[in-house]
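Structure first, commentary second.
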Amino acid sequence: MEMNKPIFPVLVAFIGYSVKIVSQAAKKIGLGFLKTNKVRCWTIWSTATVWTGSSALIILYAVSLVNVSAVGAMAVLVVAQKRKFWP
């Protein structure tokens with residue numbers, strides 16, 4: 001039964017990193033509206049900025065549930081996928 005203990009924190013870390021990546025993409029999308037619609041640009045960008053900060057808190061919560069090594073392994077996989085080192 002000890003094997004299932006780190007599954008929930010790793011899922012929380014996965015959610016945190018997913019929120020971070022999606023919010024970064026939303027920031028770029030928001031800035032894409034800068035020349036055409038400034039209200040939409042700043043609305044999307046500011047909302048995405050709040051979610052970027054929230055992702056850090058979600059990851060911090062995952063670290064508080066279990067040791068740093070399980071959440072850190074998730075971070076390594078996310079960075080490796082982003083840089084195309086991992087399939």
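Starting from 1 in every chain, residues are counted up; chains themselves are A, B, ... following the order of the structure tokens, and ligands are numbered from 1 as listed.
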Give me the residues of stretch 27-74 of chain A that have any atom at most 6 Å from an atom of stretch 13-21 of chain A; for each, the nearest atom pair and the distance in Å, rounded to one decimal. Use only C-alpha atoms, sort by chain and number, and format it as JSON lines.
{"residue": "A:Thr52", "atom": "CA", "partner": "A:Lys20", "partner_atom": "CA", "distance": 5.2}
{"residue": "A:Ser55", "atom": "CA", "partner": "A:Gly16", "partner_atom": "CA", "distance": 4.8}
{"residue": "A:Ile58", "atom": "CA", "partner": "A:Gly16", "partner_atom": "CA", "distance": 5.1}
{"residue": "A:Ile59", "atom": "CA", "partner": "A:Ala13", "partner_atom": "CA", "distance": 5.1}
{"residue": "A:Ala62", "atom": "CA", "partner": "A:Ala13", "partner_atom": "CA", "distance": 5.5}
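The interatomic distance for the pair atom CA of A:Val50 and atom CA of A:Lys38 works out to 18.2 Å.
In this comparison, which uses only C-alpha atoms, the residue of A:Ala48, A:Val63, A:Val12, A:Ala56 approaching A:Ile29 most closely is A:Ala48.
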For A:Gly30, work out the shell of residues within 12 Å, counting only C-alpha atoms and skipping chain neighbours fewer than 2 positions away, then give it as a ChimeraX atom specification.
/A:23-28,32-49
